[in-house]
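A.B. asks: Next comes the structure file work33.txt, holding compact mmCIF, C-alpha atoms.
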```txt
# COMPACT_ATOMS: atom_id res chain seq x y z
CA LEU A 1 -44.38 82.20 23.37
CA LYS A 2 -45.46 84.78 20.78
CA LEU A 3 -47.79 82.33 19.06
CA PRO A 4 -50.02 83.80 16.37
CA ARG A 5 -53.56 84.44 17.52
CA ARG A 6 -56.11 82.38 15.62
CA VAL A 7 -59.86 82.91 15.66
CA PRO A 8 -61.51 79.58 16.56
CA ASP A 9 -63.90 78.19 13.99
CA ILE A 10 -67.08 77.48 15.97
CA ALA A 11 -69.52 77.59 13.08
CA GLN A 12 -70.44 73.91 13.39
CA TRP A 13 -70.81 74.14 17.18
CA ARG A 14 -73.03 77.20 16.79
CA TYR A 15 -75.11 75.39 14.15
CA ARG A 16 -75.68 72.37 16.43
CA ALA A 17 -76.49 74.53 19.46
CA GLU A 18 -79.02 76.58 17.52
CA LYS A 19 -80.49 73.45 15.97
CA TRP A 20 -80.93 71.86 19.40
CA ASP A 21 -82.78 74.95 20.60
CA ALA A 22 -84.99 75.00 17.50
CA VAL A 23 -85.96 71.30 17.28
CA THR A 24 -89.32 70.57 18.88
CA THR A 25 -90.39 67.16 17.53
CA PRO A 26 -89.68 64.60 20.28
CA VAL A 27 -88.40 61.06 20.03
CA THR A 28 -89.01 58.97 23.14
CA ILE A 29 -86.42 56.35 24.09
CA ALA A 30 -86.62 54.02 27.09
CA LEU A 31 -83.20 53.26 28.55
CA VAL A 32 -83.57 49.97 30.42
CA GLY A 33 -80.58 49.57 32.71
CA LYS A 34 -79.45 48.44 36.12
CA TYR A 35 -77.60 51.57 37.24
CA THR A 36 -80.34 54.11 36.51
CA GLY A 37 -80.11 55.56 40.00
CA LEU A 38 -76.87 57.22 38.94
CA GLY A 39 -77.28 58.82 35.53
CA ASP A 40 -73.53 59.32 35.07
CA SER A 41 -73.19 55.54 34.81
CA TYR A 42 -74.62 55.83 31.31
CA LEU A 43 -73.21 59.24 30.40
CA SER A 44 -71.53 58.06 27.19
CA VAL A 45 -74.79 56.35 26.15
CA THR A 46 -76.97 59.39 26.80
CA LYS A 47 -74.52 61.66 24.97
CA ALA A 48 -74.52 59.30 21.99
CA LEU A 49 -78.33 59.44 21.98
CA LEU A 50 -78.16 63.24 22.00
CA HIS A 51 -75.66 63.30 19.12
CA SER A 52 -77.96 61.16 17.00
CA SER A 53 -81.16 62.95 18.01
CA ILE A 54 -79.76 66.31 16.89
CA ALA A 55 -78.58 64.78 13.61
CA CYS A 56 -82.09 63.36 13.05
CA ASP A 57 -83.85 66.65 13.86
CA ARG A 58 -85.46 65.26 16.99
CA LYS A 59 -85.60 66.38 20.62
CA LEU A 60 -84.58 63.47 22.86
CA ASP A 61 -87.13 62.46 25.50
CA LEU A 62 -85.30 59.89 27.63
CA LEU A 63 -87.23 57.58 29.96
CA TRP A 64 -85.13 55.91 32.66
CA VAL A 65 -86.33 52.38 33.46
CA GLU A 66 -84.78 50.25 36.19
CA ALA A 67 -84.53 46.79 34.60
CA SER A 68 -85.47 44.89 37.77
CA ASP A 69 -88.73 46.85 37.96
CA LEU A 70 -89.93 44.96 34.86
CA GLU A 71 -89.59 41.58 36.57
CA ASP A 72 -92.29 39.42 38.18
CA GLU A 73 -90.64 39.76 41.59
CA THR A 74 -91.29 43.52 41.53
CA LYS A 75 -94.85 42.86 40.34
CA ALA A 76 -95.44 40.85 43.51
CA GLU A 77 -93.62 43.19 45.89
CA ASP A 78 -94.47 46.61 44.44
CA PRO A 79 -97.22 46.51 41.78
CA GLU A 80 -97.19 50.29 41.32
CA LYS A 81 -93.46 50.40 40.55
CA TYR A 82 -93.89 47.47 38.16
CA ALA A 83 -96.79 49.15 36.36
CA ALA A 84 -94.93 52.47 36.09
CA ALA A 85 -91.87 50.77 34.60
CA TRP A 86 -93.93 48.96 31.98
CA GLU A 87 -95.87 52.13 31.20
CA SER A 88 -92.58 53.84 30.32
CA VAL A 89 -91.44 50.95 28.14
CA LYS A 90 -94.74 50.74 26.28
CA LYS A 91 -94.97 54.43 25.51
CA ALA A 92 -91.41 54.61 24.18
CA GLN A 93 -90.77 54.78 20.43
CA GLY A 94 -87.51 52.91 20.89
CA ILE A 95 -85.75 50.84 23.55
CA LEU A 96 -82.06 50.85 24.41
CA VAL A 97 -80.53 48.22 26.71
CA PRO A 98 -76.92 49.14 27.56
CA GLY A 99 -74.08 47.10 28.99
CA GLY A 100 -73.59 45.91 32.54
CA PHE A 101 -72.19 43.13 34.70
CA GLY A 102 -73.76 40.53 36.96
CA GLY A 103 -77.20 38.99 37.24
CA ARG A 104 -79.29 41.75 38.83
CA GLY A 105 -81.82 43.12 36.37
CA THR A 106 -80.93 40.67 33.61
CA ASP A 107 -84.41 39.13 33.52
CA GLY A 108 -85.89 42.62 33.21
CA LYS A 109 -83.63 43.37 30.27
CA MET A 110 -84.81 40.15 28.63
CA CYS A 111 -88.42 41.21 29.25
CA ALA A 112 -87.71 44.48 27.44
CA ALA A 113 -86.09 42.58 24.55
CA LYS A 114 -89.06 40.21 24.31
CA TYR A 115 -91.51 43.10 24.26
CA ALA A 116 -89.49 44.90 21.56
CA ARG A 117 -89.23 41.77 19.42
CA GLU A 118 -92.91 40.85 19.65
CA SER A 119 -94.22 44.41 19.35
CA LYS A 120 -91.82 45.42 16.55
CA VAL A 121 -90.48 48.34 18.61
CA PRO A 122 -87.01 49.54 17.59
CA TYR A 123 -84.37 48.07 19.92
CA LEU A 124 -80.65 48.54 20.35
CA GLY A 125 -78.79 46.20 22.70
CA ILE A 126 -75.21 47.00 23.64
CA CYS A 127 -72.87 44.37 25.10
CA LEU A 128 -75.04 42.76 27.82
CA GLY A 129 -78.02 44.27 26.00
CA MET A 130 -77.13 42.18 22.94
CA GLN A 131 -76.55 39.11 25.10
CA CYS A 132 -79.99 39.48 26.72
CA MET A 133 -81.51 39.86 23.25
CA VAL A 134 -79.87 36.59 22.16
CA ILE A 135 -80.81 34.70 25.34
CA GLU A 136 -84.43 35.86 25.04
CA PHE A 137 -84.50 34.71 21.42
CA ALA A 138 -83.06 31.32 22.38
CA ARG A 139 -85.65 30.89 25.11
CA ASN A 140 -88.77 32.05 23.34
CA VAL A 141 -88.08 31.34 19.67
CA LEU A 142 -85.83 28.28 19.83
CA GLY A 143 -87.75 26.94 22.85
CA LEU A 144 -84.64 26.50 25.02
CA ALA A 145 -86.33 27.50 28.26
CA ASP A 146 -83.20 27.40 30.42
CA ALA A 147 -80.94 29.23 27.95
CA HIS A 148 -78.75 31.68 29.84
CA SER A 149 -75.32 33.19 30.24
CA THR A 150 -72.77 31.15 32.15
CA GLU A 151 -71.88 34.39 33.93
CA ILE A 152 -75.25 34.19 35.69
CA ASN A 153 -76.07 30.48 35.55
CA PRO A 154 -72.91 28.41 35.19
CA ASP A 155 -74.96 25.18 35.19
CA THR A 156 -77.33 26.01 32.32
CA LYS A 157 -77.72 23.14 29.84
CA ASN A 158 -78.13 25.66 27.01
CA PRO A 159 -75.40 28.28 27.34
CA ALA A 160 -76.24 31.05 24.90
CA VAL A 161 -73.48 33.29 26.27
CA ILE A 162 -70.14 31.96 27.49
CA PHE A 163 -66.92 33.22 28.99
CA MET A 164 -64.44 34.54 26.42
CA PRO A 165 -61.69 31.95 25.98
CA GLU A 166 -58.74 34.35 26.20
CA GLY A 167 -59.46 35.40 29.82
CA SER A 168 -59.49 33.90 33.28
CA LYS A 169 -62.64 32.86 35.14
CA THR A 170 -61.10 33.50 38.54
CA HIS A 171 -59.04 36.70 38.22
CA MET A 172 -61.00 39.88 37.56
CA GLY A 173 -58.08 42.17 36.78
CA GLY A 174 -56.77 42.33 33.24
CA THR A 175 -59.07 39.64 31.80
CA MET A 176 -61.45 41.75 29.74
CA ARG A 177 -61.48 41.98 25.98
CA LEU A 178 -60.62 45.64 25.67
CA GLY A 179 -59.88 48.23 23.06
CA SER A 180 -60.45 48.63 19.35
CA ARG A 181 -61.19 45.40 17.49
CA ARG A 182 -62.29 44.78 13.92
CA THR A 183 -65.81 43.69 12.97
CA ILE A 184 -66.23 42.27 9.48
CA PHE A 185 -69.68 42.55 7.89
CA GLN A 186 -71.04 39.27 6.56
CA THR A 187 -73.46 40.80 4.07
CA PRO A 188 -73.78 44.19 2.36
CA ASP A 189 -77.56 44.23 2.62
CA CYS A 190 -78.21 44.21 6.36
CA ILE A 191 -79.34 47.34 8.24
CA SER A 192 -76.07 47.66 10.15
CA THR A 193 -73.88 47.57 7.04
CA ARG A 194 -76.04 50.22 5.41
CA LEU A 195 -75.87 52.45 8.49
CA TYR A 196 -72.08 52.27 8.36
CA GLY A 197 -72.12 53.21 4.67
CA LYS A 198 -71.59 49.72 3.19
CA VAL A 199 -67.95 49.53 4.27
CA PRO A 200 -66.49 45.98 4.50
CA TYR A 201 -65.49 46.33 8.17
CA VAL A 202 -65.45 48.70 11.13
CA ASP A 203 -63.18 49.10 14.14
CA GLU A 204 -65.07 49.61 17.39
CA ARG A 205 -64.14 49.56 21.07
CA HIS A 206 -64.82 46.60 23.36
CA ARG A 207 -65.15 46.06 27.09
CA HIS A 208 -66.47 42.63 28.07
CA ARG A 209 -65.67 39.11 29.25
CA TYR A 210 -68.63 37.08 27.95
CA GLU A 211 -69.80 36.51 24.37
CA VAL A 212 -72.42 34.66 22.34
CA ASN A 213 -71.70 30.94 22.27
CA PRO A 214 -70.52 30.16 18.71
CA GLU A 215 -71.89 26.61 19.00
CA MET A 216 -75.45 27.99 19.26
CA VAL A 217 -75.06 30.40 16.33
CA PRO A 218 -76.28 28.00 13.60
CA GLN A 219 -79.56 27.41 15.48
CA LEU A 220 -80.06 31.11 16.15
CA ASP A 221 -79.21 32.06 12.59
CA GLU A 222 -81.61 29.52 11.09
CA ALA A 223 -84.43 30.82 13.30
CA GLY A 224 -83.88 34.45 12.23
CA CYS A 225 -81.34 35.88 14.68
CA LYS A 226 -78.72 36.79 12.10
CA PHE A 227 -75.11 37.51 13.06
CA VAL A 228 -74.22 40.05 10.40
CA GLY A 229 -70.94 41.16 11.96
CA LYS A 230 -68.15 38.87 13.20
CA ASP A 231 -64.51 39.19 14.14
CA ASP A 232 -61.71 38.18 11.79
CA THR A 233 -61.69 34.61 13.18
CA GLN A 234 -65.44 34.24 12.50
CA THR A 235 -65.89 32.89 16.05
CA ARG A 236 -66.84 36.06 17.92
CA MET A 237 -70.29 37.45 17.22
CA GLU A 238 -70.14 41.25 17.01
CA ILE A 239 -73.49 42.37 15.51
CA CYS A 240 -76.83 40.61 15.31
CA GLU A 241 -80.17 41.55 13.76
CA VAL A 242 -83.58 39.92 14.07
CA GLU A 243 -84.92 39.07 10.65
CA GLY A 244 -88.25 40.67 9.77
CA HIS A 245 -88.01 43.28 12.52
CA PRO A 246 -87.87 46.99 11.54
CA PHE A 247 -84.84 47.54 13.79
CA MET A 248 -83.72 45.01 16.38
CA VAL A 249 -79.96 45.23 16.52
CA GLY A 250 -77.42 44.08 19.08
CA CYS A 251 -73.69 44.71 19.18
CA GLN A 252 -71.07 43.21 21.46
CA TYR A 253 -68.91 46.33 21.28
CA HIS A 254 -69.65 49.79 22.67
CA PRO A 255 -70.51 52.14 19.79
CA GLU A 256 -71.16 55.01 22.20
CA TYR A 257 -67.41 55.31 22.87
CA LYS A 258 -66.75 56.67 19.37
CA SER A 259 -69.83 58.86 19.01
CA ARG A 260 -69.11 62.58 18.68
CA PRO A 261 -71.16 65.75 18.12
CA GLY A 262 -71.45 66.05 14.36
CA ARG A 263 -70.27 62.44 13.93
CA PRO A 264 -72.86 60.29 15.69
CA SER A 265 -72.53 56.53 16.04
CA PRO A 266 -74.22 54.74 13.11
CA LEU A 267 -76.05 52.25 15.34
CA PHE A 268 -77.38 55.00 17.61
CA MET A 269 -78.45 56.83 14.47
CA GLY A 270 -80.27 53.68 13.41
CA LEU A 271 -82.20 53.52 16.66
CA ILE A 272 -83.27 57.17 16.52
CA LEU A 273 -84.10 56.98 12.81
CA ALA A 274 -86.18 53.83 13.32
CA ALA A 275 -87.94 55.27 16.37
CA SER A 276 -88.83 58.43 14.47
CA GLY A 277 -89.90 56.68 11.26
CA GLN A 278 -86.98 57.89 9.13
CA LEU A 279 -84.84 54.76 8.80
CA ASN A 280 -86.11 53.41 5.49
CA ASP A 281 -85.26 56.62 3.62
CA TYR A 282 -81.84 56.83 5.27
CA VAL A 283 -80.61 53.35 4.26
CA THR A 284 -81.72 53.32 0.62
CA ASP A 285 -79.07 52.77 -2.05
CA GLU A 286 -79.60 56.34 -3.21
CA ALA A 287 -79.04 57.75 0.29
CA ILE A 288 -75.93 55.66 0.89
```
Show the structure stored in the file as structure tokens.
C.D. replies:
Amino acid sequence: LKLPRRVPDIAQWRYRAEKWDAVTTPVTIALVGKYTGLGDSYLSVTKALLHSSIACDRKLDLLWVEASDLEDETKAEDPEKYAAAWESVKKAQGILVPGGFGGRGTDGKMCAAKYARESKVPYLGICLGMQCMVIEFARNVLGLADAHSTEINPDTKNPAVIFMPEGSKTHMGGTMRLGSRRTIFQTPDCISTRLYGKVPYVDERHRHRYEVNPEMVPQLDEAGCKFVGKDDTQTRMEICEVEGHPFMVGCQYHPEYKSRPGRPSPLFMGLILAASGQLNDYVTDEAI
């Protein structure tokens, strides 16, 4: 083809590789999931954590925690496994609860969210991880003991998470809310807005069927679970933050899908920054 030969510019790749080799200060993150037996299930999540860790000058120390191991049933059946799982969670500097489907491990994810909220440990919940964060808040702060997702308990009297209205409850194929959708920030002063650089909106990728029940939002908001990002109809809750917590953030979308080396996801950056004690300096007006 007689194309001109160009020397590839790998300066930035070389810089990141050398930086990764040189960084020694660890940041310990517990990933509480339900598919931890197969690490590739969370490959986009672990890569996003790596992108942000390098950007924050930290060496990622990732602790894999099977969500169901945090539950009372495991405590009764295998006390050693239960104790080991909680030991990992409690020694982590930050907790990440990623997405998933179905009921298995959901109670364990809520246990992790409760521990993070009460202990002021940085927490990032993605998709189901945000939903578990909201359900836990509804149960233990609002006092709605049977609050749940209708995906798991269709008969709950306090549905905190419901099926998205544009899909079908019976047909699995083609019913998900997929692709890039717009999230509009409701305030310029929340942590999430600052992490994104105080832009009025962001476009992030989605992959889910269930969402926070908009009818419960006023109760949650009044109690301190603030929905700081919503869709353009104001009925779909996209980002939530727990008031008074150093970093307890949930998002309905999947920020890991757009994370890149040298361009890490802002919410993953927030988790790593909070876990390593750097967040406050990063989100000041001067820094932004």
A.B. asks: Given the choices A:Leu50, A:Asp78, A:Arg263, A:Ala92, which gets closest to Leu63 in chain A if the distance is worked out from all atoms listed in the file?
C.D. replies: A:Ala92
A.B. asks: Of the residues A:Pro8, A:Gly94, A:Gly108, A:Gly33, which is the one nearest to Ile126 in chain A, using all atoms listed in the file?
C.D. replies: A:Gly33
A.B. asks: Name the closest residue to Pro255 in chain A among the candidates A:Pro4, A:Pro154, A:Gly102, A:Gly179; distances are taken between atoms, counting all atoms listed in the file.
C.D. replies: A:Gly179
A.B. asks: Name all residues at most 10 Å from range 193-203 of chain A (count all atoms listed in the file; drop same-chain ones fewer than 2 positions away) and give them as an MDAnalysis selection string.
C.D. replies: chainID A and resid 179:191 205:206 228:232 239 253 255 258 265:270 279 282:285 287:288
A.B. asks: Between CA of Met176 in chain A and CA of Met133 in chain A, what is the distance, to one decimal in Å?
C.D. replies: 21.2 Å
A.B. asks: Rounded to one decimal in Å, what is the spacing between CA of Gly100 in chain A and CA of Glu222 in chain A?
C.D. replies: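 Rounded to one decimal, the two atoms are 28.2 Å apart.
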A.B. asks: Report, in Å with one decimal, the straight-line distance from CA of Pro79 in chain A to CA of Cys132 in chain A.
C.D. replies: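 Those two atoms sit 23.9 Å apart.
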A.B. asks: Which residues are close to Cys240 in chain A, i.e. within 10 Å by only C-alpha atoms, leaving aside same-chain residues fewer than 2 positions away? Reply as a list of chain:residue names.
C.D. replies: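 Skipping anything fewer than 2 positions along the chain leaves A:Gly125, A:Met130, A:Gln131, A:Met133, A:Val134, A:Cys190, A:Ser192, A:Asp221, A:Gly224, A:Cys225, A:Lys226, A:Phe227, A:Val228, A:Gly229, A:Lys230, A:Met237, A:Glu238, A:Val242, A:Glu243, A:Met248, A:Val249, A:Gly250, A:Cys251, A:Gln252.
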A.B. asks: Can I get the selection written as a PDB file, in the coordinates of the input, with C-alpha atoms?
C.D. replies:
```pdb
ATOM      1  CA  GLY A 125     -78.790  46.200  22.700  1.00  0.00           C
ATOM      2  CA  MET A 130     -77.130  42.180  22.940  1.00  0.00           C
ATOM      3  CA  GLN A 131     -76.550  39.110  25.100  1.00  0.00           C
ATOM      4  CA  MET A 133     -81.510  39.860  23.250  1.00  0.00           C
ATOM      5  CA  VAL A 134     -79.870  36.590  22.160  1.00  0.00           C
ATOM      6  CA  CYS A 190     -78.210  44.210   6.360  1.00  0.00           C
ATOM      7  CA  SER A 192     -76.070  47.660  10.150  1.00  0.00           C
ATOM      8  CA  ASP A 221     -79.210  32.060  12.590  1.00  0.00           C
ATOM      9  CA  GLY A 224     -83.880  34.450  12.230  1.00  0.00           C
ATOM     10  CA  CYS A 225     -81.340  35.880  14.680  1.00  0.00           C
ATOM     11  CA  LYS A 226     -78.720  36.790  12.100  1.00  0.00           C
ATOM     12  CA  PHE A 227     -75.110  37.510  13.060  1.00  0.00           C
ATOM     13  CA  VAL A 228     -74.220  40.050  10.400  1.00  0.00           C
ATOM     14  CA  GLY A 229     -70.940  41.160  11.960  1.00  0.00           C
ATOM     15  CA  LYS A 230     -68.150  38.870  13.200  1.00  0.00           C
ATOM     16  CA  MET A 237     -70.290  37.450  17.220  1.00  0.00           C
ATOM     17  CA  GLU A 238     -70.140  41.250  17.010  1.00  0.00           C
ATOM     18  CA  VAL A 242     -83.580  39.920  14.070  1.00  0.00           C
ATOM     19  CA  GLU A 243     -84.920  39.070  10.650  1.00  0.00           C
ATOM     20  CA  MET A 248     -83.720  45.010  16.380  1.00  0.00           C
ATOM     21  CA  VAL A 249     -79.960  45.230  16.520  1.00  0.00           C
ATOM     22  CA  GLY A 250     -77.420  44.080  19.080  1.00  0.00           C
ATOM     23  CA  CYS A 251     -73.690  44.710  19.180  1.00  0.00           C
ATOM     24  CA  GLN A 252     -71.070  43.210  21.460  1.00  0.00           C
TER      25      GLN A 252
END
```
A.B. asks: Using all atoms listed in the file, pick whichever of A:Arg117, A:Arg14, A:Arg139, A:Arg58 has the shortest atom-to-atom distance to Gln278 in chain A.
C.D. replies: A:Arg58
A.B. asks: List the spatial neighbours of Ile162 in chain A as number ranges by chain - criterion: any atom at most 7 Å away, all atoms listed in the file, same-chain residues fewer than 5 positions off excluded.
C.D. replies: A: 149-150, 210-213
A.B. asks: Selected residues, C-alpha atoms, written as a compact mmCIF listing (two decimals), keeping the file's coordinate frame, please.
C.D. replies:
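Okay, selection-v3.txt is ready:
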```txt
# COMPACT_ATOMS: atom_id res chain seq x y z
CA SER A 149 -75.32 33.19 30.24
CA THR A 150 -72.77 31.15 32.15
CA TYR A 210 -68.63 37.08 27.95
CA GLU A 211 -69.80 36.51 24.37
CA VAL A 212 -72.42 34.66 22.34
CA ASN A 213 -71.70 30.94 22.27
```
A.B. asks: Report as a list in words all protein, DNA and RNA residues lying within 9 Å of Tyr35 in chain A, evaluated on all atoms listed in the file, omitting residues in the same chain fewer than 6 positions from it.
C.D. replies: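 Near Tyr35 in chain A, the qualifying residues are Ser41, Tyr42, Glu66, Ala67 and Gly100 of chain A.
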A.B. asks: Have range 51-61 of chain A completed to all heavy atoms, please, and pass it along as a tab-separated table (two decimals), in the coordinates of the input.
C.D. replies:
```tsv
chain	number	residue	atom	x	y	z
A	51	HIS	N	-76.32	63.05	20.40
A	51	HIS	CA	-75.66	63.30	19.12
A	51	HIS	C	-76.55	62.88	17.96
A	51	HIS	O	-76.71	63.60	16.97
A	51	HIS	CB	-74.34	62.52	19.02
A	51	HIS	CG	-73.36	62.86	20.10
A	51	HIS	ND1	-72.33	62.01	20.45
A	51	HIS	CD2	-73.24	63.95	20.91
A	51	HIS	CE1	-71.62	62.56	21.41
A	51	HIS	NE2	-72.15	63.74	21.71
A	52	SER	N	-77.14	61.68	18.08
A	52	SER	CA	-77.96	61.16	17.00
A	52	SER	C	-79.30	61.87	16.90
A	52	SER	O	-79.82	62.09	15.80
A	52	SER	CB	-78.20	59.65	17.20
A	52	SER	OG	-76.99	58.94	17.03
A	53	SER	N	-79.87	62.25	18.03
A	53	SER	CA	-81.16	62.95	18.01
A	53	SER	C	-81.03	64.28	17.28
A	53	SER	O	-81.89	64.64	16.45
A	53	SER	CB	-81.66	63.18	19.44
A	53	SER	OG	-81.90	61.95	20.09
A	54	ILE	N	-79.97	65.03	17.57
A	54	ILE	CA	-79.76	66.31	16.89
A	54	ILE	C	-79.59	66.08	15.39
A	54	ILE	O	-80.17	66.79	14.57
A	54	ILE	CB	-78.53	67.03	17.47
A	54	ILE	CG1	-78.79	67.43	18.93
A	54	ILE	CG2	-78.18	68.26	16.64
A	54	ILE	CD1	-77.58	67.96	19.66
A	55	ALA	N	-78.81	65.06	15.02
A	55	ALA	CA	-78.58	64.78	13.61
A	55	ALA	C	-79.87	64.38	12.89
A	55	ALA	O	-80.00	64.59	11.68
A	55	ALA	CB	-77.54	63.67	13.46
A	56	CYS	N	-80.81	63.81	13.64
A	56	CYS	CA	-82.09	63.36	13.05
A	56	CYS	C	-83.20	64.39	13.22
A	56	CYS	O	-84.37	64.08	12.97
A	56	CYS	CB	-82.52	62.04	13.70
A	56	CYS	SG	-81.42	60.65	13.36
A	57	ASP	N	-82.86	65.58	13.67
A	57	ASP	CA	-83.85	66.65	13.86
A	57	ASP	C	-84.93	66.26	14.86
A	57	ASP	O	-86.13	66.51	14.63
A	57	ASP	CB	-84.50	67.05	12.53
A	57	ASP	CG	-83.49	67.66	11.56
A	57	ASP	OD1	-82.65	68.47	12.00
A	57	ASP	OD2	-83.52	67.30	10.37
A	58	ARG	N	-84.52	65.66	15.96
A	58	ARG	CA	-85.46	65.26	16.99
A	58	ARG	C	-84.96	65.72	18.36
A	58	ARG	O	-83.75	65.78	18.60
A	58	ARG	CB	-85.66	63.74	17.00
A	58	ARG	CG	-86.39	63.18	15.79
A	58	ARG	CD	-87.81	63.67	15.70
A	58	ARG	NE	-88.56	63.08	14.60
A	58	ARG	CZ	-88.62	63.55	13.37
A	58	ARG	NH1	-87.91	64.64	13.06
A	58	ARG	NH2	-89.34	62.97	12.43
A	59	LYS	N	-85.90	66.02	19.23
A	59	LYS	CA	-85.60	66.38	20.62
A	59	LYS	C	-85.70	65.11	21.47
A	59	LYS	O	-86.76	64.49	21.53
A	59	LYS	CB	-86.58	67.44	21.12
A	59	LYS	CG	-86.33	67.90	22.55
A	59	LYS	CD	-85.16	68.86	22.65
A	59	LYS	CE	-85.52	70.23	22.14
A	59	LYS	NZ	-84.44	71.23	22.37
A	60	LEU	N	-84.61	64.72	22.10
A	60	LEU	CA	-84.58	63.47	22.86
A	60	LEU	C	-85.42	63.57	24.13
A	60	LEU	O	-85.23	64.45	24.95
A	60	LEU	CB	-83.14	63.12	23.23
A	60	LEU	CG	-82.96	61.83	24.06
A	60	LEU	CD1	-83.41	60.61	23.27
A	60	LEU	CD2	-81.50	61.69	24.51
A	61	ASP	N	-86.35	62.63	24.28
A	61	ASP	CA	-87.13	62.46	25.50
A	61	ASP	C	-86.72	61.11	26.06
A	61	ASP	O	-87.14	60.06	25.57
A	61	ASP	CB	-88.62	62.50	25.18
A	61	ASP	CG	-89.49	62.25	26.41
A	61	ASP	OD1	-88.98	62.39	27.53
A	61	ASP	OD2	-90.68	61.89	26.23
```
